[in-house]
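Trainee: There's a structure below that I have some questions on.
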Amino acid sequence: MLSILKLVSLLGLMSVLIFIVIQNVQARVDVHLEPFALYERQPLALVMFCSYLAGLITFAVIHVFHVVRMKTQIARLRRENRRVGEELHQLRSITLEELPLEEDPALGPPKS
C-alpha cells in the first residue's frame with residue numbers, strides 16, 4: 001500500500017514538473033554563481049533540471065550516510081541481543097548446586 005502511494009505521489013510530482021518545464025521552454029534566465037561564474041541567457045528548463053539533479057545528488061549522499069549509520073546500529077544491537085541471549089541460556093541451564101551462595105546478614109553465614 002505504501003509503495004503504491006509513493007509511486008502515485010512520484011508520478012504526480014513528475015507530472016507537475018513536466019508541466020512547468022513545458023510552460024517555460026522559451027524562457028531564458030541569467031544564472032549567477034557568485035564565486036564561480038555567470039551564465040547568461042540559459043534556458044529556464046535546463047536551470048530547473050540542473051537544480052533538480054543537484055538536490056537529488058545531495059539527498060542521495062545524505063541518505064547513504066544515514067543508511068550506513070543505521071546498519072552499524074543494527075549490527076551493534078544484534079551483537080548485544082546475541083550476548084544477552086547467551087547469558088539467558090547460561091542462567092537457564094545452571095543447576096541449584098552451582099548457584100553461588102551469598103551471605104545474608106539477617107540469616108547468618110551459609111550452612112554447608
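Letters A, B, ... mark the chains of the C-alpha cells in the order given; residue numbers begin at 1 per chain; ligand numbers begin at 1, in order shown.
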Mind checking DSSP for stretch 10-103 of chain A and telling me the strand (DSSP E or B) residues as a VMD selection string?
Mentor: chain A and resid 28 to 33 37 to 43
Trainee: Output the selection as a short mmCIF file (atom, residue, chain, number, x, y, z; two decimals), in the first residue's frame - C-alpha atoms for each residue.
Mentor:
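Written output follows (part.cif):
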data_model
loop_
_atom_site.label_atom_id
_atom_site.label_comp_id
_atom_site.auth_asym_id
_atom_site.auth_seq_id
_atom_site.Cartn_x
_atom_site.Cartn_y
_atom_site.Cartn_z
CA ARG A 28 15.82 32.43 -20.68
CA VAL A 29 17.48 33.36 -17.40
CA ASP A 30 20.86 34.52 -16.14
CA VAL A 31 22.48 32.20 -13.61
CA HIS A 32 24.78 33.90 -11.11
CA LEU A 33 27.13 31.57 -9.29
CA ALA A 37 30.82 32.21 -12.88
CA LEU A 38 27.94 33.94 -14.63
CA TYR A 39 25.93 32.05 -17.22
CA GLU A 40 23.83 34.43 -19.32
CA ARG A 41 20.64 33.58 -21.15
CA GLN A 42 20.39 29.91 -20.21
CA PRO A 43 17.11 28.06 -20.86
#
Trainee: Enumerate as a short mmCIF file (atom, residue, chain, number, x, y, z; two decimals) with C-alpha atoms, in the first residue's frame all residues of chain A assigned to alpha helix (DSSP H) by DSSP on the backbone, naming them with the chain letters and numbers the document uses.
Mentor:
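Contents of the output file selection06.cif:
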data_model
loop_
_atom_site.label_atom_id
_atom_site.label_comp_id
_atom_site.auth_asym_id
_atom_site.auth_seq_id
_atom_site.Cartn_x
_atom_site.Cartn_y
_atom_site.Cartn_z
CA LEU A 2 2.78 2.40 0.93
CA SER A 3 4.71 1.64 -2.26
CA ILE A 4 1.62 2.42 -4.36
CA LEU A 5 1.21 5.70 -2.51
CA LYS A 6 4.87 6.56 -3.13
CA LEU A 7 4.54 5.70 -6.82
CA VAL A 8 1.41 7.82 -7.24
CA SER A 9 2.97 10.80 -5.43
CA LEU A 10 6.15 10.47 -7.52
CA LEU A 11 4.14 10.38 -10.75
CA GLY A 12 2.15 13.43 -9.62
CA LEU A 13 5.33 15.36 -8.78
CA MET A 14 6.92 14.47 -12.10
CA SER A 15 3.76 15.48 -13.97
CA VAL A 16 3.77 18.89 -12.28
CA LEU A 17 7.47 19.36 -13.07
CA ILE A 18 6.97 18.41 -16.73
CA PHE A 19 4.02 20.81 -16.98
CA ILE A 20 6.11 23.67 -15.53
CA VAL A 21 9.01 22.91 -17.85
CA ILE A 22 6.74 22.83 -20.92
CA GLN A 23 5.28 26.22 -19.93
CA LEU A 44 14.99 28.00 -17.71
CA ALA A 45 14.20 24.31 -18.27
CA LEU A 46 17.92 23.49 -18.17
CA VAL A 47 18.42 25.52 -14.99
CA MET A 48 15.45 23.78 -13.35
CA PHE A 49 16.75 20.38 -14.39
CA CYS A 50 20.24 21.12 -13.03
CA SER A 51 18.74 22.33 -9.74
CA TYR A 52 16.66 19.16 -9.52
CA LEU A 53 19.76 17.00 -10.13
CA ALA A 54 21.76 18.92 -7.52
CA GLY A 55 19.01 18.32 -4.95
CA LEU A 56 18.77 14.66 -5.92
CA ILE A 57 22.52 14.12 -5.56
CA THR A 58 22.57 15.95 -2.22
CA PHE A 59 19.72 13.78 -0.92
CA ALA A 60 21.45 10.61 -2.15
CA VAL A 61 24.69 11.45 -0.33
CA ILE A 62 22.85 12.25 2.91
CA HIS A 63 20.77 9.07 2.55
CA VAL A 64 23.88 6.90 2.09
CA PHE A 65 25.37 8.22 5.35
CA HIS A 66 22.06 7.62 7.13
CA VAL A 67 21.84 4.04 5.84
CA VAL A 68 25.42 3.29 6.90
CA ARG A 69 24.74 4.67 10.38
CA MET A 70 21.54 2.62 10.70
CA LYS A 71 23.27 -0.58 9.54
CA THR A 72 26.04 -0.02 12.09
CA GLN A 73 23.44 0.45 14.81
CA ILE A 74 21.59 -2.71 13.73
CA ALA A 75 24.82 -4.73 13.84
CA ARG A 76 25.59 -3.41 17.34
CA LEU A 77 22.09 -4.25 18.57
CA ARG A 78 22.30 -7.77 17.08
CA ARG A 79 25.61 -8.37 18.89
CA GLU A 80 24.09 -7.16 22.14
CA ASN A 81 20.99 -9.28 21.59
CA ARG A 82 23.14 -12.36 20.94
CA ARG A 83 25.15 -11.68 24.11
CA VAL A 84 22.01 -11.31 26.21
CA GLY A 85 20.57 -14.50 24.68
CA GLU A 86 23.72 -16.43 25.58
CA GLU A 87 23.60 -15.08 29.11
CA LEU A 88 19.93 -16.09 29.41
CA HIS A 89 20.75 -19.58 28.14
CA GLN A 90 23.52 -19.91 30.74
CA LEU A 91 21.18 -18.78 33.50
CA ARG A 92 18.51 -21.26 32.43
CA SER A 93 20.93 -24.16 32.33
#
